[in-house]
Amino acid sequence: MPLSVDLITLGVPQVEAARDFYTAAFSATAAATGGGGHTAAVDLHGTGRLALHPVDALATGCGTTPAASGFRGYVLSAIVGRPAEVRALLQSATGNGATVVKPARKQLFGEFTAVYQAPDGAVWKLAAASKKDTHPVPGPPKPAETAVYLGVAKPTASKAFYERLGMSVRHDYGDTFIDFTITSGGRCRLGLLPRKGLAKDAGVGEHGDGFSALVLTHTAASRDEVDALLAAAASAGGRITAAAARTGQGDYAGRFTDPDGFHWSITAPA
């Protein structure tokens, strides 16, 4: 089974506040997933899932410290149908504490987008699949697709890494932009841009260092698949940060980083 983005885990300062923000901003549903409500999950209307963990705990699980500054190196995206839905999602986000980075407007090549920074620090891009509004928005907009875009040193080299893990390219514009097909089991699209280009597109400065506060999770069908994907990641130039083992939650999981340092978790029922 190819690698897919089944869950996006964000490290946040306060789980309850982040849960309240994302459920309000996307009119989504959420549930506590950890003891005492220390973690939460948010379902983005079936197009993606967020897990919210305390940033200190997430960093510890990744074998690093939570210290960070500047651009985290990634942008999350919600794609909706029309410009009016972009405006509505931006208004909902800012009404719940987000900061506008780029206002909702038509871009140079006709794309209608907006960018905001959530209270937890994550940068979100909102984009419309259509350039025109054909009728009023009937209710709270729901994303038709979610995506995570990684700022990498060289997209073609990163593409080769992810192809070794079974991912199939959808669009390939060389070292300008590459994205992958969403598999039947996956929920979220993965895209690759040069770090400088991604930051420019989002309207933020390119410089930053430290923990990204992001872990991408693939849910495997079996322990053998976990082992196979970890072995493939290691042979393709990734780094195993946690060998596969049974976890305290009863599943079987291991972790790696890609050549640009982005964290992945591969998990399966034990």
# chains A, B, ... in the order shown; residues from 1 in each chain; ligands from 1
$ residues_around --residues "stretch 175-180 of chain A" --least-positions-apart "6" --cutoff "7 Å" --atoms "only C-alpha atoms" --output "list in words"
Lys154, Pro155, Thr156, Met167, Ser168, Val169, Arg189, Leu190, Gly191, Leu192, Leu193 and Pro194 of chain A
$ residues_around --residues "A:Arg49" --least-positions-apart "2" --cutoff "9 Å" --atoms "only C-alpha atoms" --output "ChimeraX atom specification"
/A:6-9,41-47,51,187-188
$ write_last_selection --atoms "N, CA and C atoms" --output "PDB file, in the first residue's frame"
ATOM      1  N   ASP A   6      -3.039  10.393   6.117  1.00  0.00           N
ATOM      2  CA  ASP A   6      -4.334  10.040   6.689  1.00  0.00           C
ATOM      3  C   ASP A   6      -4.699  10.917   7.886  1.00  0.00           C
ATOM      4  N   LEU A   7      -3.704  11.530   8.486  1.00  0.00           N
ATOM      5  CA  LEU A   7      -3.928  12.356   9.666  1.00  0.00           C
ATOM      6  C   LEU A   7      -2.820  13.396   9.739  1.00  0.00           C
ATOM      7  N   ILE A   8      -3.198  14.644  10.037  1.00  0.00           N
ATOM      8  CA  ILE A   8      -2.230  15.721  10.234  1.00  0.00           C
ATOM      9  C   ILE A   8      -2.228  16.077  11.709  1.00  0.00           C
ATOM     10  N   THR A   9      -1.112  15.868  12.367  1.00  0.00           N
ATOM     11  CA  THR A   9      -1.014  16.189  13.788  1.00  0.00           C
ATOM     12  C   THR A   9      -0.278  17.514  13.958  1.00  0.00           C
ATOM     13  N   ALA A  41      -9.180  15.439  18.251  1.00  0.00           N
ATOM     14  CA  ALA A  41      -9.218  15.179  16.815  1.00  0.00           C
ATOM     15  C   ALA A  41     -10.335  15.999  16.201  1.00  0.00           C
ATOM     16  N   VAL A  42     -10.077  16.550  15.021  1.00  0.00           N
ATOM     17  CA  VAL A  42     -11.054  17.356  14.311  1.00  0.00           C
ATOM     18  C   VAL A  42     -11.245  16.762  12.923  1.00  0.00           C
ATOM     19  N   ASP A  43     -12.493  16.477  12.569  1.00  0.00           N
ATOM     20  CA  ASP A  43     -12.829  15.921  11.258  1.00  0.00           C
ATOM     21  C   ASP A  43     -13.263  17.058  10.341  1.00  0.00           C
ATOM     22  N   LEU A  44     -12.491  17.306   9.283  1.00  0.00           N
ATOM     23  CA  LEU A  44     -12.797  18.380   8.338  1.00  0.00           C
ATOM     24  C   LEU A  44     -13.756  17.880   7.262  1.00  0.00           C
ATOM     25  N   HIS A  45     -14.911  17.457   7.701  1.00  0.00           N
ATOM     26  CA  HIS A  45     -16.002  17.031   6.812  1.00  0.00           C
ATOM     27  C   HIS A  45     -15.581  15.894   5.879  1.00  0.00           C
ATOM     28  N   GLY A  46     -14.749  14.987   6.386  1.00  0.00           N
ATOM     29  CA  GLY A  46     -14.350  13.824   5.614  1.00  0.00           C
ATOM     30  C   GLY A  46     -13.221  14.056   4.632  1.00  0.00           C
ATOM     31  N   THR A  47     -12.765  15.306   4.494  1.00  0.00           N
ATOM     32  CA  THR A  47     -11.682  15.595   3.546  1.00  0.00           C
ATOM     33  C   THR A  47     -10.313  15.590   4.197  1.00  0.00           C
ATOM     34  N   ALA A  51      -5.217  16.110  14.229  1.00  0.00           N
ATOM     35  CA  ALA A  51      -5.032  15.714  15.618  1.00  0.00           C
ATOM     36  C   ALA A  51      -4.273  16.849  16.295  1.00  0.00           C
ATOM     37  N   ARG A 187      -6.666  10.750   2.741  1.00  0.00           N
ATOM     38  CA  ARG A 187      -7.629  11.817   2.964  1.00  0.00           C
ATOM     39  C   ARG A 187      -7.111  13.174   2.514  1.00  0.00           C
ATOM     40  N   CYS A 188      -5.819  13.357   2.471  1.00  0.00           N
ATOM     41  CA  CYS A 188      -5.264  14.695   2.284  1.00  0.00           C
ATOM     42  C   CYS A 188      -4.192  14.651   1.199  1.00  0.00           C
TER      43      CYS A 188
END
$ atom_distance --atom1 "atom CA of A:Gly97" --atom2 "atom CA of A:Val123"
13.0 Å
$ residues_around --residues "A:Arg82" --least-positions-apart "3" --cutoff "7 Å" --atoms "only C-alpha atoms" --output "ChimeraX atom specification"
/A:85-86,128-133
$ write_last_selection --atoms "all heavy atoms" --output "compact mmCIF listing (two decimals), in the first residue's frame"
# COMPACT_ATOMS: atom_id res chain seq x y z
N GLU A 85 -17.04 31.21 -0.81
CA GLU A 85 -16.74 30.28 0.27
C GLU A 85 -15.38 30.58 0.89
O GLU A 85 -15.18 30.40 2.10
CB GLU A 85 -16.80 28.85 -0.25
CG GLU A 85 -18.19 28.42 -0.68
CD GLU A 85 -18.19 27.04 -1.31
OE1 GLU A 85 -18.33 26.05 -0.57
OE2 GLU A 85 -18.04 26.96 -2.55
N VAL A 86 -14.43 31.03 0.07
CA VAL A 86 -13.14 31.47 0.61
C VAL A 86 -13.36 32.64 1.57
O VAL A 86 -12.82 32.68 2.68
CB VAL A 86 -12.17 31.87 -0.52
CG1 VAL A 86 -10.93 32.56 0.04
CG2 VAL A 86 -11.77 30.65 -1.34
N ALA A 128 -10.24 28.63 -3.97
CA ALA A 128 -11.49 28.28 -4.64
C ALA A 128 -11.19 27.50 -5.91
O ALA A 128 -10.32 27.88 -6.70
CB ALA A 128 -12.28 29.54 -4.98
N ALA A 129 -11.92 26.41 -6.13
CA ALA A 129 -11.75 25.62 -7.34
C ALA A 129 -12.29 26.34 -8.57
O ALA A 129 -11.82 26.14 -9.68
CB ALA A 129 -12.44 24.27 -7.18
N SER A 130 -13.30 27.20 -8.38
CA SER A 130 -13.89 27.97 -9.47
C SER A 130 -13.53 29.44 -9.30
O SER A 130 -13.33 29.92 -8.19
CB SER A 130 -15.40 27.80 -9.47
OG SER A 130 -16.01 28.67 -10.40
N LYS A 131 -13.46 30.17 -10.39
CA LYS A 131 -13.09 31.59 -10.35
C LYS A 131 -14.30 32.50 -10.15
O LYS A 131 -14.13 33.70 -9.92
CB LYS A 131 -12.36 31.97 -11.63
CG LYS A 131 -11.07 31.21 -11.86
CD LYS A 131 -10.44 31.58 -13.19
CE LYS A 131 -9.18 30.75 -13.45
NZ LYS A 131 -8.57 31.08 -14.77
N LYS A 132 -15.52 31.95 -10.27
CA LYS A 132 -16.71 32.79 -10.21
C LYS A 132 -17.72 32.25 -9.21
O LYS A 132 -17.78 31.04 -8.95
CB LYS A 132 -17.37 32.88 -11.60
CG LYS A 132 -16.52 33.58 -12.65
CD LYS A 132 -17.26 33.68 -13.96
CE LYS A 132 -16.43 34.41 -15.02
NZ LYS A 132 -17.16 34.54 -16.32
N ASP A 133 -18.53 33.18 -8.67
CA ASP A 133 -19.65 32.81 -7.82
C ASP A 133 -20.90 32.69 -8.69
O ASP A 133 -21.30 33.66 -9.34
CB ASP A 133 -19.88 33.87 -6.74
CG ASP A 133 -18.77 33.87 -5.70
OD1 ASP A 133 -18.41 32.78 -5.23
OD2 ASP A 133 -18.26 34.95 -5.36
$ residues_around --residues "A:Ala88" --least-positions-apart "6" --cutoff "9 Å" --atoms "only C-alpha atoms" --output "number ranges by chain"
A: 137, 140-141
$ decode --residues "stretch 224-237 of chain A" --atoms "all heavy atoms" --output "PDB file, in the first residue's frame"
ATOM      1  N   ASP A 224       3.320  -5.647   8.972  1.00  0.00           N
ATOM      2  CA  ASP A 224       4.269  -5.846   7.875  1.00  0.00           C
ATOM      3  C   ASP A 224       4.364  -4.592   7.003  1.00  0.00           C
ATOM      4  O   ASP A 224       5.446  -4.233   6.528  1.00  0.00           O
ATOM      5  CB  ASP A 224       3.849  -7.038   7.010  1.00  0.00           C
ATOM      6  CG  ASP A 224       4.085  -8.371   7.706  1.00  0.00           C
ATOM      7  OD1 ASP A 224       4.835  -8.390   8.706  1.00  0.00           O
ATOM      8  OD2 ASP A 224       3.516  -9.388   7.257  1.00  0.00           O
ATOM      9  N   GLU A 225       3.235  -3.922   6.785  1.00  0.00           N
ATOM     10  CA  GLU A 225       3.259  -2.703   5.985  1.00  0.00           C
ATOM     11  C   GLU A 225       4.015  -1.591   6.697  1.00  0.00           C
ATOM     12  O   GLU A 225       4.756  -0.833   6.062  1.00  0.00           O
ATOM     13  CB  GLU A 225       1.839  -2.239   5.671  1.00  0.00           C
ATOM     14  CG  GLU A 225       1.807  -1.033   4.727  1.00  0.00           C
ATOM     15  CD  GLU A 225       0.406  -0.508   4.494  1.00  0.00           C
ATOM     16  OE1 GLU A 225      -0.552  -1.310   4.561  1.00  0.00           O
ATOM     17  OE2 GLU A 225       0.267   0.698   4.235  1.00  0.00           O
ATOM     18  N   VAL A 226       3.846  -1.488   8.014  1.00  0.00           N
ATOM     19  CA  VAL A 226       4.621  -0.514   8.792  1.00  0.00           C
ATOM     20  C   VAL A 226       6.108  -0.761   8.590  1.00  0.00           C
ATOM     21  O   VAL A 226       6.878   0.154   8.271  1.00  0.00           O
ATOM     22  CB  VAL A 226       4.260  -0.596  10.293  1.00  0.00           C
ATOM     23  CG1 VAL A 226       5.203   0.286  11.116  1.00  0.00           C
ATOM     24  CG2 VAL A 226       2.817  -0.175  10.532  1.00  0.00           C
ATOM     25  N   ASP A 227       6.521  -2.006   8.768  1.00  0.00           N
ATOM     26  CA  ASP A 227       7.946  -2.351   8.632  1.00  0.00           C
ATOM     27  C   ASP A 227       8.447  -2.060   7.220  1.00  0.00           C
ATOM     28  O   ASP A 227       9.562  -1.545   7.034  1.00  0.00           O
ATOM     29  CB  ASP A 227       8.165  -3.825   8.962  1.00  0.00           C
ATOM     30  CG  ASP A 227       7.897  -4.150  10.426  1.00  0.00           C
ATOM     31  OD1 ASP A 227       7.964  -3.221  11.261  1.00  0.00           O
ATOM     32  OD2 ASP A 227       7.621  -5.327  10.732  1.00  0.00           O
ATOM     33  N   ALA A 228       7.627  -2.378   6.205  1.00  0.00           N
ATOM     34  CA  ALA A 228       8.049  -2.183   4.821  1.00  0.00           C
ATOM     35  C   ALA A 228       8.210  -0.706   4.490  1.00  0.00           C
ATOM     36  O   ALA A 228       9.170  -0.307   3.824  1.00  0.00           O
ATOM     37  CB  ALA A 228       7.043  -2.830   3.873  1.00  0.00           C
ATOM     38  N   LEU A 229       7.286   0.138   4.949  1.00  0.00           N
ATOM     39  CA  LEU A 229       7.380   1.564   4.662  1.00  0.00           C
ATOM     40  C   LEU A 229       8.559   2.201   5.391  1.00  0.00           C
ATOM     41  O   LEU A 229       9.252   3.067   4.835  1.00  0.00           O
ATOM     42  CB  LEU A 229       6.078   2.267   5.030  1.00  0.00           C
ATOM     43  CG  LEU A 229       4.932   2.110   4.030  1.00  0.00           C
ATOM     44  CD1 LEU A 229       3.637   2.654   4.609  1.00  0.00           C
ATOM     45  CD2 LEU A 229       5.261   2.807   2.709  1.00  0.00           C
ATOM     46  N   LEU A 230       8.819   1.778   6.605  1.00  0.00           N
ATOM     47  CA  LEU A 230       9.976   2.307   7.327  1.00  0.00           C
ATOM     48  C   LEU A 230      11.277   1.904   6.628  1.00  0.00           C
ATOM     49  O   LEU A 230      12.206   2.714   6.496  1.00  0.00           O
ATOM     50  CB  LEU A 230       9.974   1.823   8.774  1.00  0.00           C
ATOM     51  CG  LEU A 230       8.892   2.404   9.682  1.00  0.00           C
ATOM     52  CD1 LEU A 230       8.906   1.705  11.039  1.00  0.00           C
ATOM     53  CD2 LEU A 230       9.086   3.912   9.870  1.00  0.00           C
ATOM     54  N   ALA A 231      11.343   0.663   6.177  1.00  0.00           N
ATOM     55  CA  ALA A 231      12.540   0.202   5.466  1.00  0.00           C
ATOM     56  C   ALA A 231      12.714   0.976   4.164  1.00  0.00           C
ATOM     57  O   ALA A 231      13.839   1.368   3.796  1.00  0.00           O
ATOM     58  CB  ALA A 231      12.440  -1.294   5.191  1.00  0.00           C
ATOM     59  N   ALA A 232      11.605   1.226   3.452  1.00  0.00           N
ATOM     60  CA  ALA A 232      11.681   1.980   2.204  1.00  0.00           C
ATOM     61  C   ALA A 232      12.133   3.410   2.459  1.00  0.00           C
ATOM     62  O   ALA A 232      12.928   3.973   1.696  1.00  0.00           O
ATOM     63  CB  ALA A 232      10.319   1.972   1.507  1.00  0.00           C
ATOM     64  N   ALA A 233      11.622   4.018   3.537  1.00  0.00           N
ATOM     65  CA  ALA A 233      12.024   5.386   3.868  1.00  0.00           C
ATOM     66  C   ALA A 233      13.521   5.456   4.163  1.00  0.00           C
ATOM     67  O   ALA A 233      14.218   6.375   3.714  1.00  0.00           O
ATOM     68  CB  ALA A 233      11.221   5.889   5.065  1.00  0.00           C
ATOM     69  N   ALA A 234      14.016   4.488   4.920  1.00  0.00           N
ATOM     70  CA  ALA A 234      15.441   4.481   5.257  1.00  0.00           C
ATOM     71  C   ALA A 234      16.310   4.304   4.024  1.00  0.00           C
ATOM     72  O   ALA A 234      17.320   4.990   3.844  1.00  0.00           O
ATOM     73  CB  ALA A 234      15.733   3.380   6.276  1.00  0.00           C
ATOM     74  N   SER A 235      15.912   3.403   3.125  1.00  0.00           N
ATOM     75  CA  SER A 235      16.731   3.142   1.943  1.00  0.00           C
ATOM     76  C   SER A 235      16.657   4.284   0.931  1.00  0.00           C
ATOM     77  O   SER A 235      17.562   4.456   0.112  1.00  0.00           O
ATOM     78  CB  SER A 235      16.290   1.831   1.278  1.00  0.00           C
ATOM     79  OG  SER A 235      14.973   1.943   0.755  1.00  0.00           O
ATOM     80  N   ALA A 236      15.579   5.095   1.002  1.00  0.00           N
ATOM     81  CA  ALA A 236      15.411   6.199   0.054  1.00  0.00           C
ATOM     82  C   ALA A 236      16.055   7.498   0.532  1.00  0.00           C
ATOM     83  O   ALA A 236      16.021   8.497  -0.181  1.00  0.00           O
ATOM     84  CB  ALA A 236      13.926   6.433  -0.212  1.00  0.00           C
ATOM     85  N   GLY A 237      16.627   7.488   1.722  1.00  0.00           N
ATOM     86  CA  GLY A 237      17.302   8.684   2.219  1.00  0.00           C
ATOM     87  C   GLY A 237      16.651   9.336   3.414  1.00  0.00           C
ATOM     88  O   GLY A 237      17.092  10.400   3.864  1.00  0.00           O
TER      89      GLY A 237
END
